[in-house]
Amino acid sequence: MERAELAGWLRLSLTPGIGDGAARRLLAAFGLPERIFTQPDAALREVVSHAQAEALMQPPPSLQAQIDLTWQWLQAGDDKVSRRVVTLGDPGYPASLLEMADPPPMLYVLGAPAFDLTQLGHSIAVVGSRNPTPQGATNARSFGRALGEAGLPVVSGLALGVDGAAHMGALDAAGDEPRLATVAVVGTGLDRVYPARHRDLAHRITLQGLIVSELPLGTPPLTQNFPRRNRLIAGLARGTLVVEAALQSGSLITARLTSEQGKEVFAIPGSIHSPQSRGCHALIRQGAKLVESVNDILEELPPLHAPRVAAASAPSSSNGANATSSPEDPLLEALGFEPVSLDALSARTGWGAAELQARMLGLELDGHVSRLPGGLFQRVAST
């Protein structure tokens with residue numbers, strides 16, 4: 001893209017009051033953005049409102065600084081990590097987003113040069129709580145890995161918790177293979193990483209995947225941008241898997257948008273006592289497919305090829321059927337998969353507190369048990 005063309009797209013996207021819908025109408029009427037800004041006021045008013053036409057006549061105050069910043073950012077790409085701007089009408093613009101009511105006019109893309117957003121035809125979004133239970137985090141990483149092993153890129157939002165675990169699972173599956181593993185859709189400009197603790201993860205994604213945003217460079221993590229980010233996650237993927245979500249979770253927005261786009265919504269059930277499971281249970285009541293293994297997802301998609309390794313599965317309740325630990329361990333059997341206190345375990349097993357503490361410490365060090373707030377313990381199934 002030449003600098004003059006970039007300037008036109010940036011001016012269109014930065015003009016106050018010009019949303020995605022108005023921008024699309026203007027592009028349909030006049031072609032490339034440079035032509036929009038040569039139109040007389042009367043011609044513009046045939047397409048947009050009087051206020052919008054007036055706004056288009058004046059360059060935004062921040063335009064020149066944004067052009068300079070974006071141009072410099074684009075020139076900093078190299079043969080390992082490319083920096084791109086993909087616009088409506090570009091061959092690299094994902095067709096799935098064109099089916100939405102408000103596809104963004106511009107997408108900023110950071111990642112491996114060999115990958116682009118047209119390669120996401122069979123991808124699955126994996127979303128969920130920023131504060132998952134230990135089992136939820138394990139499930140997210142395991143399903144991310146299993147989807148990757150089945151040849152499906154994972155789309156998520158780079159957030160803490162389920163998102164990050166899903167990205168890591170997809171990267172685990174890819175190993176050193178030169179294939180698109182995962183796509184992170186973020187709610188900031190691509191010149192910053194949010195949350196900051198995912199800086200190393202973001203770097204890994206740029207080498208074996210893509211990071212995408214519709215927001216101009218320099219945009220901070222503003223609350224109002226994340227629901228818009230969620231619509232892109234839903235739009236890019238073929239379906240959405242919700243791992244854990246509270247009833248007011250942003251993940252339920254992604255699930256709703258997925259359903260509105262006529263795509264499949266999948267949900268992993270959990271404990272009836274866990275607030276982090278209530279969103280998934282609500283989705284299942286509304287018609288989302290209950291998922292216990294990755295095959296429950298694959299069977300709803302057009303056939304690709306068989307998974308190369310055993311598929312991930314989630315424990316269905318507290319019976320421990322999918323646990324990898326020895327079923328003969330009486331303490332694990334007593335634990336089940338519900339959060340439980342030492343007093344309750346003592347009542348179930350008849351063991352004293354000192355013996356239980358010692359045994360639980362051993363199981364915790366082996367990764368079979370996680371310690372929760374409030375003095376509770378929970379068994380973790382390694383899926």
# chains A, B, ... in the order shown; residues from 1 in each chain; ligands from 1
>>> closest_atom_pairs(of="stretch 95-157 of chain A", to="stretch 350-371 of chain A", cutoff="10 Å", atoms="only C-alpha atoms", output="Markdown table")
| residue | atom | partner | partner_atom | distance |
| --- | --- | --- | --- | --- |
| A:Thr133 | CA | A:Ser370 | CA | 9.1 |
| A:Pro134 | CA | A:Ser370 | CA | 6.6 |
| A:Gln135 | CA | A:Ser370 | CA | 8.6 |
>>> select_by_dssp(residues="stretch 131-281 of chain A", states="alpha helix (DSSP H)", output="count of residues only")
69
>>> residues_around(residues="A:Ala237", least_positions_apart="5", cutoff="10 Å", atoms="only C-alpha atoms", output="count of residues only")
19
>>> select_by_dssp(residues="stretch 179-363 of chain A", states="strand (DSSP E)", output="short mmCIF file (atom, residue, chain, number, x, y, z; two decimals) with C-alpha atoms, in the first residue's frame")
data_model
loop_
_atom_site.label_atom_id
_atom_site.label_comp_id
_atom_site.auth_asym_id
_atom_site.auth_seq_id
_atom_site.Cartn_x
_atom_site.Cartn_y
_atom_site.Cartn_z
CA THR A 182 -3.47 -19.34 16.30
CA VAL A 183 -4.87 -15.85 15.80
CA ALA A 184 -5.17 -13.29 18.59
CA VAL A 185 -7.75 -10.53 18.07
CA GLY A 209 0.25 -17.05 13.89
CA LEU A 210 -1.25 -13.59 13.60
CA ILE A 211 -2.29 -10.75 15.88
CA VAL A 212 -5.16 -8.65 14.53
CA SER A 213 -6.83 -5.38 15.47
CA GLY A 239 -17.65 -21.69 15.64
CA THR A 240 -16.99 -20.70 19.25
CA LEU A 241 -16.12 -22.89 22.23
CA VAL A 242 -16.81 -21.38 25.65
CA GLU A 264 -22.05 -23.22 16.04
CA VAL A 265 -21.65 -22.46 19.74
CA PHE A 266 -20.05 -25.09 21.97
CA ALA A 267 -19.81 -25.09 25.77
CA LYS A 289 -23.73 -28.03 22.03
CA LEU A 290 -22.43 -29.66 25.20
CA VAL A 340 -13.81 -29.41 48.73
CA SER A 341 -12.51 -28.51 52.19
#
>>> atom_distance(atom1="atom CA of A:Leu6", atom2="atom CA of A:Asp41")
22.9 Å
>>> residues_around(residues="stretch 169-180 of chain A", least_positions_apart="2", cutoff="10 Å", atoms="only C-alpha atoms", output="PyMOL selection string")
chain A and resi 111-112+114-117+119-120+138-155+164-167+182-183+201+204-205+207-210+309
>>> closest_residue(among="A:Leu247, A:Leu56, A:Leu69, A:Val86", to="A:Leu283", atoms="only C-alpha atoms")
A:Leu247
>>> atom_distance(atom1="atom CA of A:Thr38", atom2="atom CA of A:Glu99")
29.1 Å
>>> atom_distance(atom1="atom CA of A:Val47", atom2="atom CA of A:Arg24")
10.2 Å
>>> residues_around(residues="A:Ala95", least_positions_apart="3", cutoff="10 Å", atoms="only C-alpha atoms", output="list in words")
Leu88, Gly89, Pro91, Gly92, Leu98, Glu99, Met100, Pro103, Leu117, Thr118, Leu120, Gly121, Gly235 and Leu236 of chain A
>>> closest_residue(among="A:Tyr108, A:Arg45, A:Ala181, A:Arg231", to="A:Gln261", atoms="only C-alpha atoms")
A:Arg231
>>> residues_around(residues="A:Leu252", least_positions_apart="5", cutoff="10 Å", atoms="only C-alpha atoms", output="PyMOL selection string")
chain A and resi 127-128+230+242+244-247+257-258+279-280+282-283
>>> closest_residue(among="A:Arg84, A:Arg238, A:Arg25, A:Arg3", to="A:Leu190", atoms="only C-alpha atoms")
A:Arg84
